[in-house]
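Here's run15.cif, which has mmCIF, C-alpha atoms:
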data_start
#
loop_
_atom_site.label_atom_id
_atom_site.label_comp_id
_atom_site.auth_asym_id
_atom_site.auth_seq_id
_atom_site.Cartn_x
_atom_site.Cartn_y
_atom_site.Cartn_z
CA MET A 1 -0.14 33.12 51.73
CA THR A 2 -1.47 35.76 54.06
CA VAL A 3 -1.12 39.39 53.13
CA LYS A 4 -0.94 41.55 56.21
CA LEU A 5 -3.52 44.25 56.48
CA GLU A 6 -1.81 47.55 56.02
CA GLN A 7 -3.96 50.26 57.39
CA HIS A 8 -3.30 53.96 57.51
CA ILE A 9 -6.09 55.15 59.69
CA ASP A 10 -6.21 58.38 61.62
CA PRO A 11 -7.35 57.28 65.13
CA SER A 12 -9.64 60.29 65.44
CA LEU A 13 -11.75 58.98 62.55
CA ILE A 14 -12.23 55.49 63.96
CA PRO A 15 -15.27 56.27 66.17
CA VAL A 16 -17.25 57.36 63.11
CA LEU A 17 -16.13 54.39 61.01
CA GLN A 18 -17.00 52.00 63.79
CA GLU A 19 -20.59 53.10 63.55
CA VAL A 20 -20.91 52.26 59.85
CA TYR A 21 -22.15 48.71 59.31
CA ASP A 22 -22.28 46.27 56.43
CA PRO A 23 -25.84 46.72 55.11
CA GLU A 24 -26.20 42.97 54.55
CA ILE A 25 -24.64 41.89 57.85
CA PRO A 26 -25.75 44.71 60.14
CA VAL A 27 -23.74 43.49 63.15
CA LEU A 28 -20.39 43.87 61.45
CA SER A 29 -18.85 47.35 61.33
CA LEU A 30 -16.65 48.23 58.41
CA MET A 31 -13.71 48.41 60.81
CA ASP A 32 -14.37 44.88 62.09
CA MET A 33 -14.74 43.60 58.57
CA GLY A 34 -11.30 44.97 57.73
CA VAL A 35 -12.38 46.70 54.53
CA VAL A 36 -11.15 50.15 55.53
CA ARG A 37 -7.64 50.48 54.17
CA TYR A 38 -6.98 54.16 54.56
CA ALA A 39 -8.59 57.06 56.39
CA GLN A 40 -6.92 60.42 56.73
CA LEU A 41 -7.85 64.06 57.12
CA ILE A 42 -6.43 66.06 54.24
CA ASP A 43 -7.06 69.80 54.12
CA GLY A 44 -10.15 69.41 56.28
CA LYS A 45 -11.59 66.67 54.09
CA VAL A 46 -11.80 63.01 54.98
CA LYS A 47 -10.21 60.71 52.46
CA ILE A 48 -11.21 57.03 52.76
CA LYS A 49 -10.13 53.98 50.84
CA ILE A 50 -12.08 50.73 51.13
CA THR A 51 -11.49 47.37 49.50
CA PRO A 52 -14.35 45.22 48.19
CA THR A 53 -14.98 41.81 49.75
CA TYR A 54 -16.22 40.37 46.44
CA SER A 55 -15.95 42.14 43.05
CA GLY A 56 -19.67 42.33 42.47
CA CYS A 57 -20.71 42.88 46.07
CA PRO A 58 -23.67 45.28 45.77
CA ALA A 59 -23.13 46.33 49.38
CA MET A 60 -19.92 48.21 48.48
CA ASP A 61 -21.73 51.16 46.92
CA VAL A 62 -24.06 51.35 49.91
CA MET A 63 -21.08 51.25 52.29
CA ALA A 64 -19.44 54.12 50.45
CA ASP A 65 -22.66 56.16 50.67
CA ASP A 66 -23.07 55.28 54.34
CA ILE A 67 -19.54 56.46 55.11
CA VAL A 68 -20.18 59.79 53.41
CA ALA A 69 -23.46 60.14 55.33
CA ALA A 70 -21.85 59.25 58.67
CA PHE A 71 -19.20 61.94 58.26
CA ALA A 72 -21.78 64.42 56.99
CA GLU A 73 -23.53 64.05 60.33
CA GLN A 74 -20.31 65.26 61.96
CA ASP A 75 -20.24 68.16 59.48
CA MET A 76 -17.32 66.60 57.68
CA GLU A 77 -16.96 66.05 54.00
CA ALA A 78 -15.76 62.57 53.01
CA ASP A 79 -14.56 61.11 49.77
CA VAL A 80 -14.53 57.31 49.37
CA GLU A 81 -12.40 55.45 46.88
CA LEU A 82 -12.53 51.72 46.11
CA VAL A 83 -9.12 50.03 45.90
CA LEU A 84 -8.52 46.48 44.69
CA SER A 85 -5.01 45.75 45.78
CA PRO A 86 -4.08 44.03 48.01
CA ALA A 87 -7.22 41.95 47.71
CA TRP A 88 -9.37 41.57 50.81
CA THR A 89 -9.16 38.33 52.74
CA THR A 90 -11.33 36.91 55.51
CA ASP A 91 -8.22 37.04 57.73
CA TRP A 92 -8.87 40.74 58.06
CA ILE A 93 -12.11 40.25 59.94
CA THR A 94 -11.25 41.11 63.56
CA GLU A 95 -11.80 38.73 66.48
CA LYS A 96 -14.58 41.02 67.67
CA GLY A 97 -16.08 40.82 64.19
CA LYS A 98 -15.95 37.03 64.15
CA LYS A 99 -17.72 36.87 67.52
CA ALA A 100 -20.40 39.27 66.27
CA LEU A 101 -20.91 37.06 63.19
CA GLU A 102 -21.36 33.92 65.28
CA LYS A 103 -23.82 35.66 67.57
CA TYR A 104 -25.77 36.85 64.54
CA GLY A 105 -26.07 33.28 63.26
CA ILE A 106 -23.31 33.23 60.65
CA ALA A 107 -20.48 30.75 61.23
CA ALA A 108 -17.14 32.57 61.01
CA PRO A 109 -14.60 31.55 58.34
CA LEU A 110 -12.24 28.70 59.21
CA GLU A 111 -8.59 28.59 58.22
CA GLU A 112 -7.94 27.92 54.55
CA LYS A 113 -7.09 24.22 54.86
CA LEU A 114 -10.01 23.46 57.14
CA ASP A 115 -12.30 25.56 54.96
CA LYS A 116 -11.54 23.45 51.93
CA ALA A 117 -12.16 20.25 53.85
CA ALA A 118 -15.47 21.64 55.09
CA LEU A 119 -16.68 22.83 51.68
CA LEU A 120 -15.70 19.59 50.00
CA GLY A 121 -17.63 17.75 52.66
CA ASN A 122 -14.56 15.79 53.79
CA GLU A 123 -14.75 16.87 57.39
CA LYS A 124 -17.51 17.95 59.70
CA ILE A 125 -15.99 20.97 61.37
CA VAL A 126 -18.30 23.93 60.79
CA LYS A 127 -20.06 24.61 64.05
CA CYS A 128 -23.82 25.11 64.07
CA THR A 129 -24.54 28.65 65.25
CA ASN A 130 -27.71 27.46 66.94
CA CYS A 131 -26.65 24.44 69.02
CA GLY A 132 -22.86 24.32 68.61
CA SER A 133 -22.78 20.82 67.10
CA THR A 134 -20.26 20.11 64.36
CA ASN A 135 -22.53 17.46 62.87
CA THR A 136 -23.33 19.80 59.97
CA LYS A 137 -23.42 19.49 56.21
CA MET A 138 -23.11 21.90 53.33
CA ILE A 139 -26.35 22.43 51.43
CA SER A 140 -25.01 24.87 48.88
CA GLN A 141 -21.60 26.34 48.17
CA PHE A 142 -23.25 29.68 47.51
CA GLY A 143 -25.54 31.19 50.14
CA SER A 144 -27.73 34.26 50.40
CA THR A 145 -24.78 36.47 49.40
CA ALA A 146 -21.60 35.79 47.44
CA CYS A 147 -19.49 35.62 50.61
CA LYS A 148 -21.47 32.84 52.27
CA ALA A 149 -22.20 29.13 51.88
CA LEU A 150 -25.36 27.49 53.17
CA PHE A 151 -25.07 24.81 55.85
CA GLN A 152 -27.51 22.76 57.86
CA CYS A 153 -27.11 21.21 61.29
CA GLU A 154 -27.95 17.52 61.31
CA ASP A 155 -28.60 17.55 65.04
CA CYS A 156 -30.93 20.51 65.54
CA GLN A 157 -31.83 20.74 61.82
CA GLU A 158 -31.24 24.50 61.78
CA PRO A 159 -30.03 25.91 58.45
CA PHE A 160 -27.35 28.59 58.77
CA ASP A 161 -24.85 30.60 56.76
CA TYR A 162 -21.11 30.02 56.81
CA PHE A 163 -18.83 32.89 55.87
CA LYS A 164 -16.50 31.36 53.28
CA CYS A 165 -12.78 31.67 53.70
CA LEU A 166 -11.33 33.99 51.08
CA LYS A 167 -7.56 34.15 50.64
CA MET B 9 -4.68 56.01 19.65
CA LYS B 10 -2.13 55.46 22.35
CA ASN B 11 -3.77 52.77 24.47
CA ASP B 12 -5.84 51.12 21.77
CA ASN B 13 -4.19 47.71 21.91
CA LEU B 14 -4.44 47.56 25.67
CA ILE B 15 -8.09 48.62 25.58
CA GLN B 16 -8.89 45.88 23.05
CA TYR B 17 -7.07 43.40 25.24
CA ILE B 18 -9.15 44.46 28.25
CA TYR B 19 -12.34 44.03 26.20
CA SER B 20 -11.26 40.52 25.24
CA ILE B 21 -11.11 39.58 28.92
CA ALA B 22 -13.95 41.70 30.29
CA ASP B 23 -16.48 40.87 27.57
CA ASN B 24 -16.25 37.17 28.44
CA ALA B 25 -17.18 38.00 32.02
CA LEU B 26 -19.91 40.43 30.96
CA ILE B 27 -21.64 38.15 28.46
CA LEU B 28 -21.41 35.05 30.64
CA GLY B 29 -22.62 37.13 33.59
CA GLN B 30 -25.60 38.26 31.50
CA ARG B 31 -26.38 34.66 30.46
CA LEU B 32 -26.29 33.51 34.07
CA SER B 33 -28.44 36.46 35.17
CA GLU B 34 -31.16 35.20 32.83
CA LEU B 35 -31.53 32.25 35.20
CA CYS B 36 -32.29 34.43 38.21
CA GLY B 37 -35.51 32.96 39.60
CA HIS B 38 -35.43 30.15 37.02
CA GLY B 39 -32.73 27.85 38.39
CA PRO B 40 -33.68 24.18 38.69
CA SER B 41 -33.51 24.36 42.49
CA LEU B 42 -33.18 27.15 45.01
CA GLU B 43 -29.55 26.31 45.76
CA THR B 44 -28.43 26.20 42.13
CA ASP B 45 -30.44 29.34 41.38
CA ILE B 46 -28.60 31.18 44.14
CA GLY B 47 -25.25 29.69 43.15
CA ILE B 48 -25.64 30.69 39.53
CA THR B 49 -26.73 34.23 40.30
CA ASN B 50 -23.86 34.59 42.78
CA MET B 51 -21.45 33.69 40.01
CA ALA B 52 -23.19 36.17 37.70
CA LEU B 53 -22.66 38.84 40.33
CA ASP B 54 -18.95 38.02 40.65
CA LEU B 55 -18.50 38.15 36.88
CA LEU B 56 -20.36 41.44 36.49
CA GLY B 57 -18.33 42.91 39.35
CA GLN B 58 -15.11 41.84 37.64
CA THR B 59 -16.36 43.33 34.37
CA ARG B 60 -16.97 46.62 36.12
CA SER B 61 -13.38 46.78 37.39
CA TYR B 62 -12.01 46.05 33.90
CA PHE B 63 -14.29 48.59 32.23
CA GLN B 64 -13.50 51.30 34.76
CA TYR B 65 -9.86 50.80 33.85
CA ALA B 66 -10.56 50.77 30.09
CA ALA B 67 -12.64 53.95 30.42
CA LYS B 68 -9.77 55.60 32.26
CA LEU B 69 -7.31 54.61 29.52
CA SER B 70 -9.60 55.88 26.79
CA GLU B 71 -9.10 59.36 25.41
CA GLU B 72 -12.83 59.77 25.10
CA ASP B 73 -15.05 60.91 27.92
CA ILE B 74 -16.72 57.57 28.69
CA THR B 75 -17.69 55.46 31.70
CA GLU B 76 -17.90 51.73 32.36
CA ASP B 77 -21.61 51.88 31.50
CA ASP B 78 -20.94 53.16 27.98
CA LEU B 79 -18.69 50.16 27.40
CA ALA B 80 -21.16 47.64 28.76
CA TYR B 81 -24.32 49.01 27.20
CA LEU B 82 -23.55 51.11 24.18
CA ARG B 83 -21.15 49.21 21.95
CA THR B 84 -22.42 47.45 18.85
CA GLU B 85 -22.27 43.68 18.38
CA ARG B 86 -19.07 43.72 16.33
CA GLN B 87 -17.28 45.66 19.04
CA TYR B 88 -17.68 42.91 21.64
CA ARG B 89 -14.63 40.67 21.90
CA ASN B 90 -16.04 37.73 23.89
CA VAL B 91 -15.53 34.16 22.75
CA LEU B 92 -18.48 32.33 21.18
CA LEU B 93 -18.67 29.88 24.07
CA VAL B 94 -19.98 32.36 26.63
CA GLU B 95 -22.83 33.68 24.45
CA GLN B 96 -24.33 30.22 23.88
CA PRO B 97 -27.88 30.02 25.23
CA ASN B 98 -29.12 28.31 28.40
CA ARG B 99 -30.62 25.33 26.57
CA ASP B 100 -30.92 23.26 29.73
CA PHE B 101 -29.10 22.87 33.03
CA ALA B 102 -26.54 20.52 31.48
CA TYR B 103 -25.62 23.21 28.95
CA VAL B 104 -25.42 25.87 31.63
CA ILE B 105 -23.07 23.73 33.71
CA THR B 106 -20.93 22.57 30.77
CA ARG B 107 -20.51 26.09 29.39
CA GLN B 108 -19.53 27.24 32.87
CA PHE B 109 -17.11 24.37 33.38
CA LEU B 110 -15.40 24.81 30.01
CA PHE B 111 -15.03 28.52 30.68
CA ASP B 112 -14.07 28.36 34.39
CA ALA B 113 -11.17 25.99 33.72
CA PHE B 114 -9.80 28.48 31.19
CA HIS B 115 -10.62 31.53 33.31
CA LEU B 116 -8.73 30.16 36.28
CA LEU B 117 -5.61 29.44 34.23
CA LEU B 118 -5.75 32.88 32.65
CA LEU B 119 -6.08 34.66 35.98
CA GLN B 120 -3.23 32.65 37.50
CA LYS B 121 -0.99 34.11 34.80
CA LEU B 122 -2.56 37.55 34.74
CA GLN B 123 -1.79 37.98 38.45
CA ASN B 124 1.82 38.49 37.37
CA SER B 125 1.06 40.90 34.55
CA ALA B 126 3.38 43.87 34.23
CA ASP B 127 0.26 46.02 34.25
CA GLU B 128 -0.51 46.79 37.88
CA THR B 129 -4.24 47.27 37.50
CA LEU B 130 -4.76 44.07 35.52
CA SER B 131 -2.69 42.22 38.07
CA ALA B 132 -4.79 43.63 40.94
CA ILE B 133 -8.08 42.71 39.26
CA ALA B 134 -6.77 39.21 38.55
CA LYS B 135 -5.68 38.72 42.16
CA LYS B 136 -9.13 39.74 43.33
CA SER B 137 -11.03 37.67 40.75
CA ILE B 138 -9.04 34.49 41.13
CA LYS B 139 -10.45 33.91 44.59
CA GLU B 140 -13.98 34.09 43.22
CA VAL B 141 -13.31 32.03 40.13
CA SER B 142 -11.80 29.19 42.21
CA TYR B 143 -15.26 28.81 43.75
CA HIS B 144 -16.91 28.90 40.31
CA PHE B 145 -14.66 26.15 39.04
CA ARG B 146 -15.31 24.03 42.09
CA PHE B 147 -19.06 24.48 41.63
CA SER B 148 -19.11 23.69 37.91
CA SER B 149 -16.71 20.72 38.00
CA ASP B 150 -18.65 19.28 40.92
CA TRP B 151 -21.87 19.48 38.89
CA VAL B 152 -20.24 17.98 35.79
CA LYS B 153 -19.37 14.96 37.91
CA ARG B 154 -22.78 14.77 39.54
CA LEU B 155 -24.65 14.92 36.24
CA GLY B 156 -22.22 12.69 34.36
CA ASP B 157 -22.09 10.07 37.07
CA GLY B 158 -25.77 10.54 37.92
CA THR B 159 -28.80 8.98 36.24
CA ASP B 160 -28.90 7.69 32.65
CA LYS B 161 -30.84 10.76 31.67
CA SER B 162 -28.51 13.30 33.31
CA HIS B 163 -25.55 11.45 31.81
CA ALA B 164 -27.04 11.59 28.31
CA LYS B 165 -27.91 15.27 28.66
CA ILE B 166 -24.49 16.41 29.82
CA GLN B 167 -22.73 14.23 27.26
CA ASP B 168 -24.80 16.01 24.60
CA ALA B 169 -23.81 19.40 26.03
CA VAL B 170 -20.11 18.45 26.17
CA ASP B 171 -20.23 17.17 22.57
CA ASN B 172 -21.91 20.32 21.29
CA LEU B 173 -20.00 22.95 23.24
CA TRP B 174 -16.61 21.33 22.64
CA THR B 175 -16.39 23.06 19.27
CA TYR B 176 -16.12 26.43 21.05
CA THR B 177 -13.16 25.56 23.27
CA ASP B 178 -10.29 26.16 20.88
CA GLU B 179 -11.14 29.84 20.45
CA LEU B 180 -10.33 30.44 24.11
CA PHE B 181 -6.67 30.16 23.14
CA HIS B 182 -6.62 32.59 20.21
CA ASN B 183 -4.63 35.74 20.81
CA LEU B 184 -5.83 38.96 19.23
CA GLY B 185 -3.52 40.13 16.43
CA THR B 186 -2.89 43.28 18.43
CA ASP B 187 -1.73 41.35 21.50
CA SER B 188 1.80 40.49 20.40
CA GLU B 189 3.39 43.72 21.56
CA LEU B 190 1.58 43.48 24.90
CA ILE B 191 2.70 39.87 25.30
CA GLU B 192 6.30 40.91 24.71
CA LYS B 193 6.00 43.57 27.40
CA GLY B 194 4.61 41.03 29.86
CA ILE B 195 1.26 42.78 30.06
CA ALA B 196 -0.89 40.33 28.09
CA ILE B 197 -0.80 36.55 28.40
CA ASP B 198 0.09 34.33 25.47
CA LEU B 199 -3.04 32.18 25.46
CA THR B 200 -1.62 29.49 23.20
CA LYS B 201 0.60 28.46 26.10
CA LEU B 202 -2.36 27.65 28.34
CA LYS B 203 -3.88 25.17 25.95
CA GLU B 204 -2.15 21.97 26.95
CA GLU B 205 -2.74 22.41 30.65
CA TYR B 206 -6.37 23.31 29.97
CA TYR B 207 -7.18 20.19 27.97
CA ASN B 208 -5.36 17.97 30.45
CA LYS B 209 -7.38 19.41 33.30
CA ILE B 210 -10.81 19.23 31.70
CA LYS B 211 -10.23 15.79 30.21
CA GLU B 212 -9.37 14.51 33.66
CA ILE B 213 -12.64 15.82 35.10
CA ILE B 214 -14.73 14.71 32.12
CA SER B 215 -13.33 11.20 32.49
CA GLU B 216 -13.98 11.22 36.21
CA ALA B 217 -17.58 12.14 35.37
CA THR B 218 -17.71 8.89 33.31
CA LEU B 219 -18.25 10.95 30.15
CA SER B 220 -16.44 10.43 26.88
CA ILE B 221 -14.14 13.07 25.47
CA PRO B 222 -15.25 14.41 22.08
CA GLU B 223 -12.94 13.55 19.22
CA SER B 224 -14.01 16.29 16.83
CA LYS B 225 -11.15 18.42 15.55
CA TYR B 226 -13.40 21.05 14.02
CA PHE B 227 -13.60 24.24 16.04
CA GLN B 228 -15.70 27.39 15.74
CA LYS B 229 -14.17 30.82 16.08
CA GLY B 230 -14.95 34.48 15.42
CA GLY B 231 -16.19 36.01 18.66
CA LYS B 232 -12.86 37.57 19.52
CA LYS B 233 -12.92 39.34 16.16
CA GLY B 234 -16.47 40.53 16.71
CA ILE B 235 -18.12 37.93 14.47
CA HIS B 236 -20.68 36.38 16.77
CA THR B 237 -23.27 33.60 16.57
CA GLU B 238 -26.93 34.37 15.95
CA HIS B 239 -27.59 34.27 19.72
CA MET B 240 -25.57 37.40 20.46
CA GLY B 241 -28.00 39.93 19.00
CA TYR B 242 -30.84 38.72 21.20
CA LEU B 243 -28.62 38.77 24.25
CA LEU B 244 -27.52 42.33 23.55
CA ALA B 245 -31.11 43.42 22.93
CA ASP B 246 -31.91 42.35 26.48
CA LEU B 247 -28.71 43.76 27.95
CA GLN B 248 -28.90 47.13 26.21
CA TYR B 249 -32.64 47.73 26.11
CA MET B 250 -32.83 50.09 29.06
CA GLN B 251 -29.94 52.36 28.09
CA ARG B 252 -31.02 52.47 24.44
CA THR B 253 -34.63 53.28 25.30
CA TYR B 254 -33.92 55.76 28.08
CA PRO B 255 -30.46 57.14 27.33
CA ASN B 256 -28.38 58.05 30.39
CA MET B 257 -30.93 56.66 32.81
CA LYS B 258 -29.51 55.83 36.22
CA TRP B 259 -30.65 53.47 38.97
#
Representation of the structure as structure tokens:
Amino acid sequence: MTVKLEQHIDPSLIPVLQEVYDPEIPVLSLMDMGVVRYAQLIDGKVKIKITPTYSGCPAMDVMADDIVAAFAEQDMEADVELVLSPAWTTDWITEKGKKALEKYGIAAPLEEKLDKAALLGNEKIVKCTNCGSTNTKMISQFGSTACKALFQCEDCQEPFDYFKCLK
Amino acid sequence: MKNDNLIQYIYSIADNALILGQRLSELCGHGPSLETDIGITNMALDLLGQTRSYFQYAAKLSEEDITEDDLAYLRTERQYRNVLLVEQPNRDFAYVITRQFLFDAFHLLLLQKLQNSADETLSAIAKKSIKEVSYHFRFSSDWVKRLGDGTDKSHAKIQDAVDNLWTYTDELFHNLGTDSELIEKGIAIDLTKLKEEYYNKIKEIISEATLSIPESKYFQKGGKKGIHTEHMGYLLADLQYMQRTYPNMKW
């Protein structure tokens, strides 16, 4: 089941938010990752709500600090709150975000059904970010961070990360 | 106090995640291979993250001026409500995997029910955690099969772990005495109702792993009432050392 991303974002705040990146995947802005749920100006103060990708993701605290710092540069005071519901899904990563991931060397999440087949090793469908071959295999279900699995291309031998589907 | 029963209920869920998370963290840099090391510490991170969400909620419900850190680091042994299973030591990789597998199967069933809890915050945390725990269960059941259906040595080792940890499984399904009102209100889950499905599921995987299912009917209990095994004190000494030695220190 896909929960639609409900965002209440004041368009005037987007330029600032687009310049704040995931500290562990520095090509993906928080907007492209779909973690910003709410951003409004209330009595001259910026109120932001973000949703964690994974419960224990250590990057969340850094993201919150980075948002406050980015607004401080614009002489604005921001307050960031973490909300859990509805839970984040990889569907909320924008198309632009997915392209940025691929270019950075992280294979973007597949659809849920395909993802399962890929992680169980039933089908070779995850594309190597180096040579584009789908002759790849999973090395480890958990990669360098909680959100990724480790794959290796059997053609060019390159190891690469795959962003796991989370629904 | 007003929310006491609910707070105890939250401890009974969160402490499992905290203590298992701590056990798994001990393996950071010591996993048998790079991939399992990373996998295990990733799961530790998920569990500690879930614990934090539960404790933030419990701290909010409390009438005292406390934070999630006070709950994690400054309670005494008898105040922890985790089951005995999760505090069992990392004797070898087969024990680590078996403990994880026996817990994950339960954890997944619990979260599936808790998603529909009448308590909005618990429901939200469950919906978030369930996605992570599905991966944990896949990881641990996969390894149970690989070790069981692996070499003679790996088979013998994981059979030993299954035989020894089996005695801690029944406690997973004990409700706290204070839960009954919460169960009636649809906030807490009646754990006794998960038992049948749990044993069916794990027996299926254990058989697939070519392992035999223990026949022992004798089960250990006590953790949920705060009566822990001798391993718990050492674990807490590690977990609490920093806050006890340098009170209120921050990262």
Neighbouring residues of Pro109 in chain A were defined as those with any atom within 7 Å, considering only C-alpha atoms; residues of the same chain fewer than 6 positions away were excluded. Please report them as a PDB file with C-alpha atoms, in the frame of the given file.
ATOM      1  CA  THR A  90     -11.330  36.910  55.510  1.00  0.00           C
ATOM      2  CA  TYR A 162     -21.110  30.020  56.810  1.00  0.00           C
ATOM      3  CA  PHE A 163     -18.830  32.890  55.870  1.00  0.00           C
ATOM      4  CA  LYS A 164     -16.500  31.360  53.280  1.00  0.00           C
ATOM      5  CA  CYS A 165     -12.780  31.670  53.700  1.00  0.00           C
TER       6      CYS A 165
END
Excluding same-chain residues fewer than 3 positions from Asp78 in chain B, what lies within 10 Å of it counting only C-alpha atoms, as a PyMOL selection string? chain B and resi 63+67+73-75+81-83+251+256
Can I get the residues of chain A within 12 Å of chain B, each with the closest pair of atoms and their distance in Å to one decimal, using only C-alpha atoms, sorted chain first then ascending number, as a tab-separated table?
residue	atom	partner	partner_atom	distance
A:Val3	CA	B:Lys135	CA	11.9
A:Thr51	CA	B:Lys136	CA	10.1
A:Pro52	CA	B:Lys136	CA	9.0
A:Thr53	CA	B:Lys136	CA	8.9
A:Tyr54	CA	B:Asp54	CA	6.8
A:Ser55	CA	B:Gly57	CA	4.5
A:Gly56	CA	B:Gly57	CA	3.4
A:Cys57	CA	B:Gly57	CA	7.1
A:Pro58	CA	B:Leu53	CA	8.5
A:Ala59	CA	B:Gly57	CA	11.6
A:Met60	CA	B:Gly57	CA	10.7
A:Asp61	CA	B:Gly57	CA	11.7
A:Leu82	CA	B:Ser61	CA	10.1
A:Val83	CA	B:Ala132	CA	9.2
A:Leu84	CA	B:Ala132	CA	6.0
A:Ser85	CA	B:Ala132	CA	5.3
A:Pro86	CA	B:Ala132	CA	7.1
A:Ala87	CA	B:Lys136	CA	5.3
A:Trp88	CA	B:Lys136	CA	7.7
A:Thr89	CA	B:Lys139	CA	9.4
A:Thr90	CA	B:Lys139	CA	11.4
A:Glu112	CA	B:Lys139	CA	11.9
A:Lys116	CA	B:Tyr143	CA	10.5
A:Leu119	CA	B:Arg146	CA	9.8
A:Leu120	CA	B:Arg146	CA	9.1
A:Gly121	CA	B:Asp150	CA	11.9
A:Met138	CA	B:Glu43	CA	10.9
A:Ile139	CA	B:Glu43	CA	7.6
A:Ser140	CA	B:Glu43	CA	5.7
A:Gln141	CA	B:Gly47	CA	7.1
A:Phe142	CA	B:Gly47	CA	4.8
A:Gly143	CA	B:Ile46	CA	6.7
A:Ser144	CA	B:Ile46	CA	7.0
A:Thr145	CA	B:Asn50	CA	6.9
A:Ala146	CA	B:Asn50	CA	5.3
A:Cys147	CA	B:Asn50	CA	9.0
A:Lys148	CA	B:Asn50	CA	9.9
A:Ala149	CA	B:Gly47	CA	9.3
A:Leu150	CA	B:Glu43	CA	8.6
A:Phe151	CA	B:Glu43	CA	11.1
A:Lys164	CA	B:Tyr143	CA	9.9
A:Cys165	CA	B:Lys139	CA	9.7
A:Leu166	CA	B:Lys139	CA	6.5
A:Lys167	CA	B:Lys139	CA	6.7
Please identify all polymer residues lying at most 12 Å from the point (-19.5, 45.9, 62.0) (file coordinates), using all atoms listed in the file, and present the result as a ChimeraX atom specification. /A:15-36,63,93-101,104
Which residues, named as in the file, does the PyMOL selection byres ((chain B and resi 125) around 12) pick out? Answer as a list of chain:residue names. B:Leu118, B:Leu119, B:Gln120, B:Lys121, B:Leu122, B:Gln123, B:Asn124, B:Ala126, B:Asp127, B:Glu128, B:Thr129, B:Leu130, B:Ser131, B:Ala132, B:Ile133, B:Ala134, B:Lys135, B:Leu190, B:Ile191, B:Glu192, B:Lys193, B:Gly194, B:Ile195, B:Ala196, B:Ile197, B:Asp198
Which polymer residues have any atom within 10 Å of an atom of Gln40 in chain A, counting all atoms listed in the file, with same-chain residues fewer than 4 positions away left out, as a list in words? His8, Ile9, Asp10, Pro11, Ser12, Leu13, Gly44, Lys45, Val46, Lys47, Ile48, Lys49 and Ala78 of chain A
Can you tell me how far CA of Glu72 in chain B sits from CA of Tyr88 in chain B, in Å to one decimal? 17.9 Å
When you write range 27-52 of chain A out from the block above, keep C-alpha atoms and present the result as a compact mmCIF listing (two decimals), in the first residue's frame, please.
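Resulting contents of part_17.txt:
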# COMPACT_ATOMS: atom_id res chain seq x y z
CA VAL A 27 23.90 14.53 -3.58
CA LEU A 28 20.39 14.12 -2.25
CA SER A 29 18.65 17.21 -0.89
CA LEU A 30 16.13 16.79 1.89
CA MET A 31 13.43 17.89 -0.54
CA ASP A 32 14.41 15.20 -3.07
CA MET A 33 14.53 12.60 -0.36
CA GLY A 34 10.95 13.44 0.59
CA VAL A 35 11.62 13.72 4.31
CA VAL A 36 10.29 17.26 4.68
CA ARG A 37 6.66 16.95 5.67
CA TYR A 38 5.82 20.46 6.74
CA ALA A 39 7.42 23.87 6.44
CA GLN A 40 5.58 27.05 7.31
CA LEU A 41 6.33 30.54 8.54
CA ILE A 42 4.54 31.15 11.81
CA ASP A 43 4.94 34.53 13.51
CA GLY A 44 8.23 35.11 11.73
CA LYS A 45 9.62 31.74 12.76
CA VAL A 46 10.13 28.77 10.48
CA LYS A 47 8.45 25.61 11.66
CA ILE A 48 9.69 22.40 9.99
CA LYS A 49 8.61 18.81 10.38
CA ILE A 50 10.77 16.00 9.00
CA THR A 51 10.24 12.26 9.05
CA PRO A 52 13.08 9.80 9.68
